$ cat model.txt   # compact mmCIF, C-alpha atoms and all ligand atoms
# COMPACT_ATOMS: atom_id res chain seq x y z
CA MET A 203 93.72 169.00 103.57
CA GLU A 204 92.32 167.69 100.31
CA ASP A 205 95.47 166.34 98.75
CA LEU A 206 99.00 165.46 99.78
CA SER A 207 100.76 168.12 97.72
CA LEU A 208 102.07 169.83 100.85
CA PHE A 209 104.06 166.66 101.56
CA LEU A 210 104.88 165.75 97.97
CA ASN A 211 106.23 169.21 97.11
CA ARG A 212 108.17 169.93 100.26
CA ARG A 213 111.89 170.54 100.59
CA THR A 214 114.22 171.79 103.28
CA VAL A 215 114.69 175.56 103.17
CA ARG A 216 118.06 177.00 104.21
CA ALA A 217 117.73 180.57 102.86
CA TYR A 218 115.18 182.91 104.40
CA SER A 219 113.73 186.30 103.50
CA ASP A 220 113.66 189.27 105.89
CA ARG A 221 109.96 188.77 106.55
CA GLU A 222 109.38 188.65 110.28
CA VAL A 223 108.11 185.46 111.91
CA THR A 224 105.90 186.94 114.60
CA THR A 225 105.41 185.65 118.11
CA GLU A 226 101.76 185.10 117.18
CA THR A 227 102.79 182.88 114.26
CA ILE A 228 105.02 180.76 116.51
CA GLN A 229 102.18 180.56 119.02
CA GLU A 230 99.73 179.43 116.33
CA LEU A 231 102.11 176.78 114.98
CA MET A 232 102.87 175.53 118.49
CA GLU A 233 99.14 175.35 119.22
CA ALA A 234 98.78 173.08 116.17
CA ALA A 235 101.86 171.03 117.07
CA SER A 236 100.65 170.56 120.62
CA ARG A 237 97.61 168.62 119.31
CA THR A 238 100.03 165.87 118.23
CA SER A 239 100.01 162.50 120.02
CA THR A 240 102.26 162.20 123.06
CA THR A 241 102.96 159.36 125.47
CA GLY A 242 100.01 159.11 127.87
CA ASN A 243 99.21 162.71 126.92
CA MET A 244 102.07 163.74 129.22
CA GLN A 245 103.53 166.14 126.61
CA LEU A 246 107.11 165.41 127.59
CA TYR A 247 108.76 168.16 125.57
CA SER A 248 109.64 171.83 125.65
CA VAL A 249 110.85 174.20 122.97
CA VAL A 250 113.37 177.00 123.42
CA VAL A 251 112.77 179.78 120.88
CA THR A 252 115.87 181.77 119.90
CA ARG A 253 115.44 185.11 118.15
CA LYS A 254 118.24 187.21 119.59
CA ASN A 255 121.28 187.52 117.32
CA GLU A 256 123.68 187.14 120.23
CA THR A 257 122.14 183.78 121.20
CA LYS A 258 122.19 182.60 117.58
CA GLU A 259 125.87 183.60 117.43
CA ALA A 260 126.52 181.56 120.55
CA LEU A 261 124.54 178.59 119.20
CA ALA A 262 126.24 178.63 115.78
CA PRO A 263 129.61 177.08 116.81
CA LEU A 264 127.71 174.38 118.69
CA HIS A 265 126.15 173.54 115.32
CA PHE A 266 129.53 173.54 113.50
CA ASN A 267 128.87 177.07 112.26
CA GLN A 268 126.22 175.98 109.80
CA PRO A 269 125.28 179.36 108.25
CA VAL A 270 121.56 178.59 108.48
CA VAL A 271 121.67 178.88 112.29
CA LYS A 272 122.78 182.52 112.21
CA ASN A 273 120.76 183.42 109.12
CA ALA A 274 117.37 182.09 110.18
CA PRO A 275 114.97 184.54 111.81
CA VAL A 276 114.10 181.92 114.45
CA VAL A 277 115.90 178.88 115.81
CA LEU A 278 113.87 176.37 117.82
CA THR A 279 115.51 173.82 120.08
CA PHE A 280 113.17 170.92 120.84
CA CYS A 281 113.92 169.22 124.15
CA ALA A 282 112.94 165.93 125.72
CA ASP A 283 111.47 167.19 129.00
CA PHE A 284 110.53 165.08 132.02
CA ASN A 285 111.31 168.05 134.31
CA ARG A 286 107.90 169.72 134.18
CA PHE A 287 105.98 166.45 134.66
CA THR A 288 108.30 165.23 137.43
CA SER A 289 107.99 168.55 139.30
CA TRP A 290 104.21 168.36 139.05
CA CYS A 291 104.20 164.78 140.36
CA LYS A 292 106.29 165.81 143.37
CA LEU A 293 103.99 168.73 144.05
CA ARG A 294 101.01 166.38 144.07
CA ASN A 295 102.45 163.78 146.43
CA ALA A 296 103.21 161.35 143.57
CA ASN A 297 106.47 159.45 143.18
CA PRO A 298 107.98 159.91 139.67
CA GLY A 299 110.67 157.52 138.39
CA TYR A 300 111.73 158.76 134.99
CA GLY A 301 115.45 159.50 135.27
CA ASN A 302 116.34 156.38 133.30
CA PHE A 303 116.79 155.28 129.67
CA GLN A 304 113.09 154.56 129.12
CA GLY A 305 112.32 158.02 130.53
CA PHE A 306 114.77 159.70 128.17
CA PHE A 307 113.61 157.80 125.11
CA THR A 308 109.93 158.39 125.89
CA ALA A 309 110.47 162.13 126.24
CA ALA A 310 112.70 162.18 123.15
CA LEU A 311 109.93 160.51 121.11
CA ASP A 312 107.41 163.10 122.29
CA ALA A 313 109.80 165.94 121.41
CA LEU A 314 110.61 164.59 117.94
CA ILE A 315 106.99 163.89 117.03
CA ALA A 316 106.02 167.38 118.20
CA ALA A 317 108.91 168.89 116.23
CA GLN A 318 107.80 167.19 113.03
CA THR A 319 104.19 168.26 113.56
CA PHE A 320 105.42 171.83 114.07
CA CYS A 321 107.34 171.58 110.78
CA VAL A 322 104.29 170.42 108.84
CA ALA A 323 102.20 173.21 110.37
CA ALA A 324 104.91 175.76 109.46
CA GLU A 325 105.13 174.49 105.89
CA ALA A 326 101.33 174.62 105.60
CA ARG A 327 101.59 178.32 106.49
CA GLY A 328 104.20 178.93 103.77
CA LEU A 329 107.23 178.95 106.04
CA GLY A 330 110.37 176.90 105.45
CA ILE A 331 112.29 174.79 107.93
CA CYS A 332 115.64 173.08 108.26
CA TYR A 333 116.36 170.41 110.85
CA ILE A 334 119.76 170.81 112.50
CA GLY A 335 121.02 167.40 113.52
CA THR A 336 124.12 168.65 115.30
CA THR A 337 122.00 169.08 118.44
CA THR A 338 122.95 165.53 119.40
CA TYR A 339 126.66 166.26 118.79
CA ASN A 340 127.25 169.26 121.04
CA THR A 341 124.45 168.57 123.47
CA LYS A 342 126.28 169.60 126.63
CA GLY A 343 127.14 173.04 125.24
CA ILE A 344 123.58 173.60 124.03
CA ALA A 345 122.10 172.52 127.37
CA LYS A 346 124.42 174.93 129.18
CA LEU A 347 123.75 177.86 126.86
CA LEU A 348 119.97 177.44 127.02
CA LYS A 349 120.08 176.83 130.80
CA LEU A 350 118.30 173.48 130.56
CA PRO A 351 117.56 171.98 133.99
CA ASN A 352 117.67 168.36 135.13
CA LEU A 353 115.66 165.94 132.91
CA VAL A 354 115.67 168.35 129.94
CA VAL A 355 117.79 167.27 126.94
CA PRO A 356 117.89 169.03 123.54
CA VAL A 357 117.16 166.43 120.87
CA THR A 358 116.70 168.41 117.69
CA THR A 359 116.79 171.94 116.35
CA ILE A 360 114.75 173.58 113.63
CA THR A 361 115.49 176.80 111.82
CA LEU A 362 112.41 178.67 110.67
CA GLY A 363 111.62 181.51 108.32
CA TYR A 364 109.87 182.54 105.12
CA PRO A 365 111.76 181.11 102.12
CA ALA A 366 113.99 183.50 100.15
CA SER A 367 113.92 180.94 97.35
CA LEU A 368 112.87 177.34 96.93
CA PRO A 369 115.68 174.87 96.28
CA ASP A 370 115.19 171.88 93.98
CA GLN A 371 113.78 168.76 95.55
CA VAL A 372 116.36 166.09 96.28
CA ASP A 373 116.12 162.38 95.46
CA ARG A 374 114.25 159.74 97.46
CA LEU A 375 114.35 155.96 97.57
CA PRO A 376 111.33 154.38 95.84
CA VAL A 377 108.57 153.56 98.33
CA SER A 378 108.91 149.90 97.31
CA ALA A 379 112.34 150.01 98.98
CA ILE A 380 110.76 150.97 102.29
CA ILE A 381 107.60 148.86 102.60
CA HIS A 382 107.74 145.27 103.83
CA GLU A 383 104.46 143.37 103.61
CA GLU A 384 103.71 141.45 106.82
CA GLU A 385 107.32 140.64 107.60
CA TYR A 386 110.74 142.11 106.91
CA ALA A 387 112.25 140.80 103.67
CA ASP A 388 115.98 141.46 103.73
CA TYR A 389 117.44 142.95 100.58
CA THR A 390 119.10 140.91 97.85
CA THR A 391 121.99 142.48 95.94
CA ASP A 392 119.69 143.11 92.97
CA GLU A 393 117.11 144.78 95.17
CA LEU A 394 119.78 147.03 96.71
CA ASP A 395 120.95 147.99 93.23
CA THR A 396 117.36 148.93 92.35
CA CYS A 397 116.71 150.82 95.62
CA TYR A 398 119.76 153.04 95.23
CA LEU A 399 119.81 153.32 91.41
CA ASN A 400 118.23 156.79 91.16
CA LYS A 401 120.31 158.12 94.02
CA GLU A 402 123.51 156.88 92.37
CA LEU A 403 122.53 158.22 88.93
CA ASN A 404 121.57 161.62 90.33
CA ALA A 405 123.89 164.25 88.81
CA ALA A 406 124.43 166.15 92.06
CA ASN A 407 125.31 162.94 93.87
CA GLN A 408 127.71 161.92 91.11
CA GLN A 409 129.39 165.31 91.41
CA PHE A 410 129.64 164.78 95.16
CA VAL A 411 131.51 161.50 94.56
CA LYS A 412 133.90 163.24 92.17
CA ASP A 413 134.51 166.25 94.42
CA ASN A 414 135.37 163.98 97.31
CA GLU A 415 137.56 161.74 95.14
CA LYS A 416 135.63 158.63 96.16
CA GLU A 417 134.70 155.53 94.17
CA THR A 418 131.08 155.32 95.31
CA LEU A 419 128.38 157.49 96.85
CA ALA A 420 128.25 155.16 99.84
CA GLN A 421 131.90 156.05 100.54
CA VAL A 422 130.98 159.73 100.68
CA PHE A 423 128.63 158.87 103.53
CA THR A 424 130.96 156.49 105.39
CA ASP A 425 134.23 158.38 104.88
CA VAL A 426 133.24 162.03 104.62
CA ARG A 427 129.79 162.92 105.90
CA TYR A 428 129.18 160.43 108.71
CA PRO A 429 132.42 158.55 109.48
CA LYS A 430 132.57 155.87 112.16
CA ALA A 431 135.05 157.77 114.34
CA MET A 432 132.73 160.79 114.43
CA PHE A 433 129.72 158.67 115.32
CA GLU A 434 131.67 156.93 118.08
CA LYS A 435 132.94 160.21 119.54
CA PHE A 436 129.49 161.81 119.55
CA SER A 437 127.89 158.62 120.91
CA VAL A 438 130.05 158.96 124.01
CA GLU A 439 129.47 162.69 124.33
CA PHE A 440 125.70 162.47 123.80
CA MET A 441 125.41 159.67 126.34
CA GLU A 442 127.40 161.75 128.85
CA ALA A 443 125.18 164.77 128.20
CA ILE A 444 122.00 162.75 128.70
CA GLN A 445 123.37 161.39 131.96
CA GLU A 446 124.51 164.83 133.13
CA GLN A 447 120.91 165.99 132.61
CA GLY A 448 119.78 163.35 135.11
CA TYR A 449 118.91 160.29 133.05
CA ASN A 450 120.98 157.43 134.44
CA PHE A 451 121.49 154.16 132.60
C1 LIG A 501 117.25 164.64 112.01
C2 LIG A 501 117.68 165.51 110.87
C3 LIG A 501 118.86 166.22 110.96
C4 LIG A 501 119.25 167.08 109.94
N1 LIG A 501 120.37 167.84 110.12
C5 LIG A 501 120.68 168.77 109.18
C6 LIG A 501 121.75 169.66 109.41
O1 LIG A 501 122.42 169.61 110.45
N2 LIG A 501 122.01 170.60 108.47
C7 LIG A 501 121.27 170.71 107.32
O2 LIG A 501 121.54 171.60 106.51
N3 LIG A 501 120.24 169.85 107.08
C8 LIG A 501 119.92 168.91 107.98
N4 LIG A 501 118.85 168.08 107.79
C9 LIG A 501 118.07 168.19 106.55
C10 LIG A 501 118.40 167.03 105.60
O3 LIG A 501 119.68 167.25 105.05
C11 LIG A 501 117.32 166.96 104.53
O4 LIG A 501 116.07 166.69 105.11
C12 LIG A 501 117.62 165.85 103.50
O5 LIG A 501 118.82 166.13 102.81
C13 LIG A 501 116.49 165.73 102.50
O6 LIG A 501 116.25 166.97 101.91
P1 LIG A 501 114.78 167.59 101.88
O7 LIG A 501 114.33 167.75 103.29
O8 LIG A 501 114.93 168.91 101.17
O9 LIG A 501 113.92 166.63 101.13
C14 LIG A 501 118.46 167.19 108.78
C15 LIG A 501 117.28 166.45 108.68
C16 LIG A 501 116.89 165.63 109.72
C17 LIG A 501 115.58 164.88 109.61

$ encode --input "model.txt" --output "structure tokens" --more "lines below"
Ligand SMILES: Cc1cc2nc3c(=O)[nH]c(=O)nc-3n(C[C@H](O)[C@H](O)[C@H](O)COP(=O)(O)O)c2cc1C
Amino acid sequence: MEDLSLFLNRRTVRAYSDREVTTETIQELMEAASRTSTTGNMQLYSVVVTRKNETKEALAPLHFNQPVVKNAPVVLTFCADFNRFTSWCKLRNANPGYGNFQGFFTAALDALIAAQTFCVAAEARGLGICYIGTTTYNTKGIAKLLKLPNLVVPVTTITLGYPASLPDQVDRLPVSAIIHEEEYADYTTDELDTCYLNKELNAANQQFVKDNEKETLAQVFTDVRYPKAMFEKFSVEFMEAIQEQGYNF
């Protein structure tokens, strides 16, 4: 890759054309994604590929009926997976001990890094993706539907297809807001004003504030999109789901 335009021009795609995403394409992208780094090269992840309409219809309510789940040609559920490795250890007279928080987080890291590598590979091939974060909200239902065994937890979902159209790019914080040289320098009020200035001036974001009858964009996040009560409810449910899948902590 000679330049970074693939990264600099990217955007999430939520509308897909009818063009088929073949099994060979998924295979090729997975081949690329599987070259990504994983903990101790254990490759602690699996991916469930959903193409059937009836499964997408069953998944949709578990993702709050986001239209993209039903409309995408392919839905991929990336799972933290210590099942395969643990089973292999047992078969080879080794004593695995991964049904704990460190085990879950390690496998979750592998799954998320692989998912992102898959996304970059897909975008390099002209496909579009959308992450579906609701995987960590209705985790139990997704695990049941996809018949996930012990030590397998869905951690993120990606919808995949060829773009029907390219949406506008959305705002970003300036990189200076993200980088800390040598040690973390906490933000002064002035620096926070500067970090979030473009986001707050963005016309779409200003409309969002108006539509939701809020005073500030931050309130749209805290009161409407990601309220505390919702985060607390799904914290409990996600924790329960992780434990039901055999990770005890
Ligand atoms: C972990 C994660 C979860 C996300 N969940 C959703 C989702 O449930 N639905 C959706 O439409 N977009 C989702 N997105 C996409 C973000 O909304 C999107 O990346 C962000 O608004 C920036 O837009 P861009 O990717 O086009 O730059 C998610 C992205 C990430 C990384």

$ closest_residue --input "model.txt" --among "A:Thr337, A:Asn352, A:Thr390, A:Asn450" --to "ligand LIG 501 (chain A)" --atoms "all atoms listed in the file"
A:Thr337

$ atom_distance --input "model.txt" --atom1 "CA of Glu442 in chain A" --atom2 "CA of Pro263 in chain A"
19.6 Å

$ residues_near_ligand --input "model.txt" --ligand "ligand LIG 501 (chain A)" --cutoff "10 Å" --atoms "all atoms listed in the file" --output "number ranges by chain"
A: 209-216, 265-266, 268-271, 314, 318, 331-339, 357-361, 368-374

$ write_last_selection --input "model.txt" --atoms "C-alpha atoms" --output "PDB file, in the coordinates of the input"
ATOM      1  CA  PHE A 209     104.060 166.660 101.560  1.00  0.00           C
ATOM      2  CA  LEU A 210     104.880 165.750  97.970  1.00  0.00           C
ATOM      3  CA  ASN A 211     106.230 169.210  97.110  1.00  0.00           C
ATOM      4  CA  ARG A 212     108.170 169.930 100.260  1.00  0.00           C
ATOM      5  CA  ARG A 213     111.890 170.540 100.590  1.00  0.00           C
ATOM      6  CA  THR A 214     114.220 171.790 103.280  1.00  0.00           C
ATOM      7  CA  VAL A 215     114.690 175.560 103.170  1.00  0.00           C
ATOM      8  CA  ARG A 216     118.060 177.000 104.210  1.00  0.00           C
ATOM      9  CA  HIS A 265     126.150 173.540 115.320  1.00  0.00           C
ATOM     10  CA  PHE A 266     129.530 173.540 113.500  1.00  0.00           C
ATOM     11  CA  GLN A 268     126.220 175.980 109.800  1.00  0.00           C
ATOM     12  CA  PRO A 269     125.280 179.360 108.250  1.00  0.00           C
ATOM     13  CA  VAL A 270     121.560 178.590 108.480  1.00  0.00           C
ATOM     14  CA  VAL A 271     121.670 178.880 112.290  1.00  0.00           C
ATOM     15  CA  LEU A 314     110.610 164.590 117.940  1.00  0.00           C
ATOM     16  CA  GLN A 318     107.800 167.190 113.030  1.00  0.00           C
ATOM     17  CA  ILE A 331     112.290 174.790 107.930  1.00  0.00           C
ATOM     18  CA  CYS A 332     115.640 173.080 108.260  1.00  0.00           C
ATOM     19  CA  TYR A 333     116.360 170.410 110.850  1.00  0.00           C
ATOM     20  CA  ILE A 334     119.760 170.810 112.500  1.00  0.00           C
ATOM     21  CA  GLY A 335     121.020 167.400 113.520  1.00  0.00           C
ATOM     22  CA  THR A 336     124.120 168.650 115.300  1.00  0.00           C
ATOM     23  CA  THR A 337     122.000 169.080 118.440  1.00  0.00           C
ATOM     24  CA  THR A 338     122.950 165.530 119.400  1.00  0.00           C
ATOM     25  CA  TYR A 339     126.660 166.260 118.790  1.00  0.00           C
ATOM     26  CA  VAL A 357     117.160 166.430 120.870  1.00  0.00           C
ATOM     27  CA  THR A 358     116.700 168.410 117.690  1.00  0.00           C
ATOM     28  CA  THR A 359     116.790 171.940 116.350  1.00  0.00           C
ATOM     29  CA  ILE A 360     114.750 173.580 113.630  1.00  0.00           C
ATOM     30  CA  THR A 361     115.490 176.800 111.820  1.00  0.00           C
ATOM     31  CA  LEU A 368     112.870 177.340  96.930  1.00  0.00           C
ATOM     32  CA  PRO A 369     115.680 174.870  96.280  1.00  0.00           C
ATOM     33  CA  ASP A 370     115.190 171.880  93.980  1.00  0.00           C
ATOM     34  CA  GLN A 371     113.780 168.760  95.550  1.00  0.00           C
ATOM     35  CA  VAL A 372     116.360 166.090  96.280  1.00  0.00           C
ATOM     36  CA  ASP A 373     116.120 162.380  95.460  1.00  0.00           C
ATOM     37  CA  ARG A 374     114.250 159.740  97.460  1.00  0.00           C
TER      38      ARG A 374
END

$ closest_residue --input "model.txt" --among "A:Tyr300, A:Ser207, A:Glu222, A:Thr252" --to "Phe451 in chain A" --atoms "only C-alpha atoms"
A:Tyr300

$ atom_distance --input "model.txt" --atom1 "CA of Val426 in chain A" --atom2 "CA of Asp413 in chain A"
11.1 Å

$ residues_around --input "model.txt" --residues "Thr418 in chain A" --least-positions-apart "5" --cutoff "9 Å" --atoms "all atoms listed in the file" --output "PyMOL selection string"
chain A and resi 402+408+411-412

$ build_atoms --input "model.txt" --residues "range 281-305 of chain A" --atoms "N, CA, C and O atoms" --output "PDB file, keeping the file's coordinate frame"
ATOM      1  N   CYS A 281     113.291 169.953 123.050  1.00  0.00           N
ATOM      2  CA  CYS A 281     113.920 169.220 124.150  1.00  0.00           C
ATOM      3  C   CYS A 281     113.016 168.127 124.692  1.00  0.00           C
ATOM      4  O   CYS A 281     111.810 168.348 124.888  1.00  0.00           O
ATOM      5  N   ALA A 282     113.613 166.962 124.935  1.00  0.00           N
ATOM      6  CA  ALA A 282     112.940 165.930 125.720  1.00  0.00           C
ATOM      7  C   ALA A 282     112.841 166.482 127.146  1.00  0.00           C
ATOM      8  O   ALA A 282     113.846 166.932 127.695  1.00  0.00           O
ATOM      9  N   ASP A 283     111.642 166.490 127.723  1.00  0.00           N
ATOM     10  CA  ASP A 283     111.470 167.190 129.000  1.00  0.00           C
ATOM     11  C   ASP A 283     110.614 166.384 129.974  1.00  0.00           C
ATOM     12  O   ASP A 283     109.380 166.382 129.871  1.00  0.00           O
ATOM     13  N   PHE A 284     111.269 165.709 130.919  1.00  0.00           N
ATOM     14  CA  PHE A 284     110.530 165.080 132.020  1.00  0.00           C
ATOM     15  C   PHE A 284     110.573 165.960 133.263  1.00  0.00           C
ATOM     16  O   PHE A 284     110.095 165.577 134.324  1.00  0.00           O
ATOM     17  N   ASN A 285     111.196 167.154 133.150  1.00  0.00           N
ATOM     18  CA  ASN A 285     111.310 168.050 134.310  1.00  0.00           C
ATOM     19  C   ASN A 285     109.937 168.554 134.768  1.00  0.00           C
ATOM     20  O   ASN A 285     109.574 168.433 135.929  1.00  0.00           O
ATOM     21  N   ARG A 286     109.188 169.109 133.819  1.00  0.00           N
ATOM     22  CA  ARG A 286     107.900 169.720 134.180  1.00  0.00           C
ATOM     23  C   ARG A 286     106.969 168.673 134.802  1.00  0.00           C
ATOM     24  O   ARG A 286     106.373 168.903 135.861  1.00  0.00           O
ATOM     25  N   PHE A 287     106.888 167.497 134.177  1.00  0.00           N
ATOM     26  CA  PHE A 287     105.980 166.450 134.660  1.00  0.00           C
ATOM     27  C   PHE A 287     106.419 165.925 136.021  1.00  0.00           C
ATOM     28  O   PHE A 287     105.599 165.736 136.930  1.00  0.00           O
ATOM     29  N   THR A 288     107.751 165.735 136.165  1.00  0.00           N
ATOM     30  CA  THR A 288     108.300 165.230 137.430  1.00  0.00           C
ATOM     31  C   THR A 288     108.030 166.231 138.568  1.00  0.00           C
ATOM     32  O   THR A 288     107.640 165.852 139.679  1.00  0.00           O
ATOM     33  N   SER A 289     108.221 167.509 138.281  1.00  0.00           N
ATOM     34  CA  SER A 289     107.990 168.550 139.300  1.00  0.00           C
ATOM     35  C   SER A 289     106.528 168.556 139.725  1.00  0.00           C
ATOM     36  O   SER A 289     106.206 168.686 140.905  1.00  0.00           O
ATOM     37  N   TRP A 290     105.648 168.391 138.754  1.00  0.00           N
ATOM     38  CA  TRP A 290     104.210 168.360 139.050  1.00  0.00           C
ATOM     39  C   TRP A 290     103.871 167.144 139.916  1.00  0.00           C
ATOM     40  O   TRP A 290     103.116 167.251 140.883  1.00  0.00           O
ATOM     41  N   CYS A 291     104.441 165.996 139.564  1.00  0.00           N
ATOM     42  CA  CYS A 291     104.200 164.780 140.360  1.00  0.00           C
ATOM     43  C   CYS A 291     104.606 165.003 141.811  1.00  0.00           C
ATOM     44  O   CYS A 291     103.869 164.664 142.736  1.00  0.00           O
ATOM     45  N   LYS A 292     105.797 165.598 141.995  1.00  0.00           N
ATOM     46  CA  LYS A 292     106.290 165.810 143.370  1.00  0.00           C
ATOM     47  C   LYS A 292     105.380 166.751 144.129  1.00  0.00           C
ATOM     48  O   LYS A 292     105.108 166.553 145.321  1.00  0.00           O
ATOM     49  N   LEU A 293     104.882 167.741 143.432  1.00  0.00           N
ATOM     50  CA  LEU A 293     103.990 168.730 144.050  1.00  0.00           C
ATOM     51  C   LEU A 293     102.670 168.100 144.479  1.00  0.00           C
ATOM     52  O   LEU A 293     102.000 168.562 145.398  1.00  0.00           O
ATOM     53  N   ARG A 294     102.305 167.027 143.825  1.00  0.00           N
ATOM     54  CA  ARG A 294     101.010 166.380 144.070  1.00  0.00           C
ATOM     55  C   ARG A 294     101.163 165.052 144.815  1.00  0.00           C
ATOM     56  O   ARG A 294     100.337 164.151 144.679  1.00  0.00           O
ATOM     57  N   ASN A 295     102.240 164.966 145.576  1.00  0.00           N
ATOM     58  CA  ASN A 295     102.450 163.780 146.430  1.00  0.00           C
ATOM     59  C   ASN A 295     102.480 162.473 145.618  1.00  0.00           C
ATOM     60  O   ASN A 295     101.958 161.451 146.063  1.00  0.00           O
ATOM     61  N   ALA A 296     103.029 162.542 144.409  1.00  0.00           N
ATOM     62  CA  ALA A 296     103.210 161.350 143.570  1.00  0.00           C
ATOM     63  C   ALA A 296     104.704 161.095 143.436  1.00  0.00           C
ATOM     64  O   ALA A 296     105.494 162.024 143.608  1.00  0.00           O
ATOM     65  N   ASN A 297     105.068 159.836 143.129  1.00  0.00           N
ATOM     66  CA  ASN A 297     106.470 159.450 143.180  1.00  0.00           C
ATOM     67  C   ASN A 297     107.016 159.130 141.788  1.00  0.00           C
ATOM     68  O   ASN A 297     106.947 157.980 141.356  1.00  0.00           O
ATOM     69  N   PRO A 298     107.547 160.136 141.056  1.00  0.00           N
ATOM     70  CA  PRO A 298     107.980 159.910 139.670  1.00  0.00           C
ATOM     71  C   PRO A 298     109.293 159.132 139.598  1.00  0.00           C
ATOM     72  O   PRO A 298     110.156 159.306 140.456  1.00  0.00           O
ATOM     73  N   GLY A 299     109.437 158.301 138.557  1.00  0.00           N
ATOM     74  CA  GLY A 299     110.670 157.520 138.390  1.00  0.00           C
ATOM     75  C   GLY A 299     111.110 157.489 136.947  1.00  0.00           C
ATOM     76  O   GLY A 299     111.110 156.442 136.299  1.00  0.00           O
ATOM     77  N   TYR A 300     111.499 158.648 136.426  1.00  0.00           N
ATOM     78  CA  TYR A 300     111.730 158.760 134.990  1.00  0.00           C
ATOM     79  C   TYR A 300     113.161 159.116 134.608  1.00  0.00           C
ATOM     80  O   TYR A 300     113.434 159.337 133.428  1.00  0.00           O
ATOM     81  N   GLY A 301     114.052 159.173 135.570  1.00  0.00           N
ATOM     82  CA  GLY A 301     115.450 159.500 135.270  1.00  0.00           C
ATOM     83  C   GLY A 301     116.224 158.271 134.839  1.00  0.00           C
ATOM     84  O   GLY A 301     117.219 157.894 135.446  1.00  0.00           O
ATOM     85  N   ASN A 302     115.735 157.631 133.784  1.00  0.00           N
ATOM     86  CA  ASN A 302     116.340 156.380 133.300  1.00  0.00           C
ATOM     87  C   ASN A 302     116.246 156.369 131.761  1.00  0.00           C
ATOM     88  O   ASN A 302     115.714 157.307 131.157  1.00  0.00           O
ATOM     89  N   PHE A 303     116.740 155.298 131.136  1.00  0.00           N
ATOM     90  CA  PHE A 303     116.790 155.280 129.670  1.00  0.00           C
ATOM     91  C   PHE A 303     115.383 155.327 129.068  1.00  0.00           C
ATOM     92  O   PHE A 303     115.118 156.052 128.097  1.00  0.00           O
ATOM     93  N   GLN A 304     114.463 154.552 129.647  1.00  0.00           N
ATOM     94  CA  GLN A 304     113.090 154.560 129.120  1.00  0.00           C
ATOM     95  C   GLN A 304     112.501 155.973 129.227  1.00  0.00           C
ATOM     96  O   GLN A 304     111.807 156.429 128.319  1.00  0.00           O
ATOM     97  N   GLY A 305     112.804 156.639 130.342  1.00  0.00           N
ATOM     98  CA  GLY A 305     112.320 158.020 130.530  1.00  0.00           C
ATOM     99  C   GLY A 305     112.867 158.939 129.446  1.00  0.00           C
ATOM    100  O   GLY A 305     112.123 159.716 128.838  1.00  0.00           O
TER     101      GLY A 305
END
